[in-house]
Amino acid sequence: MTKIAIISQAEQGVLIDISGCSSVTEAKQYLTSTLQVSSQFWEGLVVDLNLGPLVLTPAEVNEIQEIVFEVGVQPRQIFSLSPITRASLIHCRLPVGGLSQLEGYVPMKAIDILDGKPDLAVAHTAAPQVCEPEFDFNFAPSGLESGAEGTPRTNSYQSATNSGCSIDCSTEAEAPSVSLSRCMVLPERGSDTTAPGEPIVINSIMLPELLVAGNGSLEMPDTVPTSTQTPVRQGRLYMPNHHLIPGQADEKITKPEPRPFRQSARTARQAPPKQAAVLMMKQTLRSGQRVCHKGHLVIIGDVNPGAELVADGDITVWGALRGMAHAGASGDTKAEIRALKFGSTQLRIAQAIARSPDRSKVGGSAPSVPETARVVDGKIRLSGSDPE
Amino acid sequence: MSGRVVVITSGKGGVGKTTASANIGLALAASGPSVALVDMDIGLRNLDILMGLENRVVYNLVDVVEEKCKLRQALVKDKRLPNLCLLPAAQTRDKTAVNAEQMKALTTELKGMFDFVLIDSPAGIESGFQNAIAGADEAIVICTPEMSAVRDADRVIGLLEARKDEINDYRLIINRLRPAMVKSNDMMSVQDVLEILSVKLLGVVPEDDEVIVSTNKGEPLSGSSDNHKAGQAYRNIARRMQGEEIPFIDMDSLNPNWFSKVVKFFSPALLRA
């Protein structure tokens, strides 16, 4: 049921709540008919959209966006209970609202134009806030928070996921057709942060197998979270990229234009020092693909020549690093680059650049050992894998 | 009957896409199924030359898309086989003449008429390439064993992987391999290429001077009765595409040994076996 509100002051905004719809098609139908009933009414109005537990792929988000745009409405915030939908929204560069703000809506008497039934509607009465990226949607795959009994987790990680939005994990289990991939966001090692860094939605999927324990070491959980409740896919999944901006066919999508990262009152209580999380990708990067991340980067797979990795923290490649890697991109000279096999075209750490020796012969190379590149006296040096 | 639409692409230019399209098309048609070859290199059409049909071209792909003629009128029947047709590109237009939607409609129409539709893609990754892969279900990536070609093939495979919902199968053909140079470590081996690209291998075609001769004559190698190495490789590829499991040609057996070198010195014609 679409609930709308007729309000007297258009600046305050209206919430369209289609969370009651049982399917995306129904939601689109209601949305279309609502908005087209009186498009002049909607034009220029501040509108929020509540999708509720609906699970949407980026393509479906685009369709909804088109429906809304057609009447000249730009949604100010979009609320959703499902992490998958939120990822789709981020991917389509739409503003996602923190679910806490839903409580700020006050029911008003309203008329349901469609069915003629008076229905409860909501309208936003408080002054519209700047839509800020609350960390709730720096979600973790719900497999970890939902039901992985016995999985050892750091407290901080757990609290990051219980941040107040009640993600109903069962909704994810009902969405087998969503072939959306998500990225894993892990807290910084040794920290009790609850605010992981900005996520990067990329066309890959990862499994939540590595957890960073409090003492800074990487450890495998005793029980890998099973996928009984979540359809976390193994292997490679890719989002269709036809809706990307032409010219960026397979570039990784970074977060939409950054808004000031203001933490809401609730999260300020647990105020962490803002540290970025580790991004782990289990795929081989091909030529032309580029990953940028404000934090540590772990790639499980090869990095082919022509691919680029840029990270503020360390870069770890569990495979052959043949492309370009830039660690400590924001100036941290302590950052390191490590790989099982170095064949890199260029290595950069902070401001230092090093290139690989010129190729002498073509095929076959000497068997290599895992090595680490760090900056020593302003130059990048490769050494064995033992830390200094 | 719905056919298979296969796009033959590479990224880098000059690695053998058009040659492969002509040879594979001919080999496929010779074994039974009906095949349509589509030349998507608008403005720089070559497939008709390789097939020897350049003086039979009346209408072309752009005419079909602009609805100046029917598809049947534009298809050129091959002079050797009745079940092989060519849809030539336009020589006087350029890539902007068609768009992806039109290509999808065209390939859908062709799919209903033929068992195999082979699309010869132009080089590059921009609109010409995007148009060529618009209607395809499968892809064949051609690569020569050189660093530059491998890097470009990698890029193209990355682009194909991103369209996993449309193109669900892509395989690699390594073209112009010289076994002698591989042995002396002057050329990348098949293993080296596969290590970087990590895709399924469809076939390996050795370097063969006869390819140049066949291009000029307009008779693709796979159709000739002489047992040229490249022709045999293309015939094997055509059979693999239809599901047969054929072991790859042993590259060592292609190396000329001292005896054949002696024979070749005295009488080259004897070696054309």
# chains A, B, ... in the order shown; residues from 1 in each chain; ligands from 1

call {"tool": "interface_residues", "arguments": {"of": "chain B", "to": "chain A", "cutoff": "9 Å", "atoms": "only C-alpha atoms", "output": "list in words"}}
result
Glu126, Met147, Arg151, Asp152, Ala153, Asp154, Arg155, Val156, Ile157, Gly158, Leu159, Glu161, Ala162, Arg163, Lys164, Asp165, Glu166, Val182, Asn185, Asp186, Met187, Met188, Ser189, Asp192, Ile196 and Leu197 of chain B

call {"tool": "write_last_selection", "arguments": {"atoms": "C-alpha atoms", "output": "PDB file, in the first residue's frame"}}
result
ATOM      1  CA  GLU B 126      35.129   1.424 -28.059  1.00  0.00           C
ATOM      2  CA  MET B 147      53.244  -9.187 -24.363  1.00  0.00           C
ATOM      3  CA  ARG B 151      47.790  -7.308 -22.312  1.00  0.00           C
ATOM      4  CA  ASP B 152      45.107  -6.223 -24.751  1.00  0.00           C
ATOM      5  CA  ALA B 153      43.440  -9.617 -24.638  1.00  0.00           C
ATOM      6  CA  ASP B 154      43.429  -9.364 -20.865  1.00  0.00           C
ATOM      7  CA  ARG B 155      41.653  -6.039 -21.070  1.00  0.00           C
ATOM      8  CA  VAL B 156      39.078  -7.427 -23.451  1.00  0.00           C
ATOM      9  CA  ILE B 157      38.505 -10.468 -21.269  1.00  0.00           C
ATOM     10  CA  GLY B 158      37.951  -8.143 -18.356  1.00  0.00           C
ATOM     11  CA  LEU B 159      35.332  -6.298 -20.374  1.00  0.00           C
ATOM     12  CA  GLU B 161      33.693 -10.808 -17.831  1.00  0.00           C
ATOM     13  CA  ALA B 162      31.820  -7.720 -16.793  1.00  0.00           C
ATOM     14  CA  ARG B 163      28.993  -8.717 -19.106  1.00  0.00           C
ATOM     15  CA  LYS B 164      28.649 -12.131 -17.615  1.00  0.00           C
ATOM     16  CA  ASP B 165      24.882 -12.085 -17.902  1.00  0.00           C
ATOM     17  CA  GLU B 166      24.978 -11.876 -21.684  1.00  0.00           C
ATOM     18  CA  VAL B 182      59.126 -20.925 -28.071  1.00  0.00           C
ATOM     19  CA  ASN B 185      62.682 -18.892 -25.237  1.00  0.00           C
ATOM     20  CA  ASP B 186      62.213 -16.041 -27.631  1.00  0.00           C
ATOM     21  CA  MET B 187      58.477 -16.300 -27.688  1.00  0.00           C
ATOM     22  CA  MET B 188      55.923 -16.841 -24.968  1.00  0.00           C
ATOM     23  CA  SER B 189      54.682 -20.380 -24.733  1.00  0.00           C
ATOM     24  CA  ASP B 192      52.884 -18.437 -20.294  1.00  0.00           C
ATOM     25  CA  ILE B 196      48.354 -14.532 -17.329  1.00  0.00           C
ATOM     26  CA  LEU B 197      44.988 -14.790 -19.014  1.00  0.00           C
TER      27      LEU B 197
END

call {"tool": "residues_around", "arguments": {"residues": "Val15 of chain B", "least_positions_apart": "5", "cutoff": "10 Å", "atoms": "only C-alpha atoms", "output": "MDAnalysis selection string"}}
result
chainID B and resid 9:10 20 123 142:145 149 174:176

call {"tool": "atom_distance", "arguments": {"atom1": "atom CA of His293 of chain A", "atom2": "atom CA of Arg93 of chain A"}}
result
17.6 Å

call {"tool": "residues_around", "arguments": {"residues": "Glu63 of chain A", "least_positions_apart": "5", "cutoff": "9 Å", "atoms": "only C-alpha atoms", "output": "PyMOL selection string"}}
result
chain A and resi 28+58+68

call {"tool": "write_last_selection", "arguments": {"atoms": "N, CA and C atoms", "output": "compact mmCIF listing (two decimals), in the first residue's frame"}}
result
# COMPACT_ATOMS: atom_id res chain seq x y z
N LYS A 28 6.75 -1.00 -7.89
CA LYS A 28 6.90 -0.09 -9.02
C LYS A 28 5.54 0.37 -9.51
N PRO A 58 20.65 -3.34 -8.70
CA PRO A 58 20.89 -2.00 -9.27
C PRO A 58 19.98 -1.69 -10.44
N VAL A 68 10.63 7.83 -10.64
CA VAL A 68 10.55 9.01 -9.79
C VAL A 68 10.98 10.26 -10.56
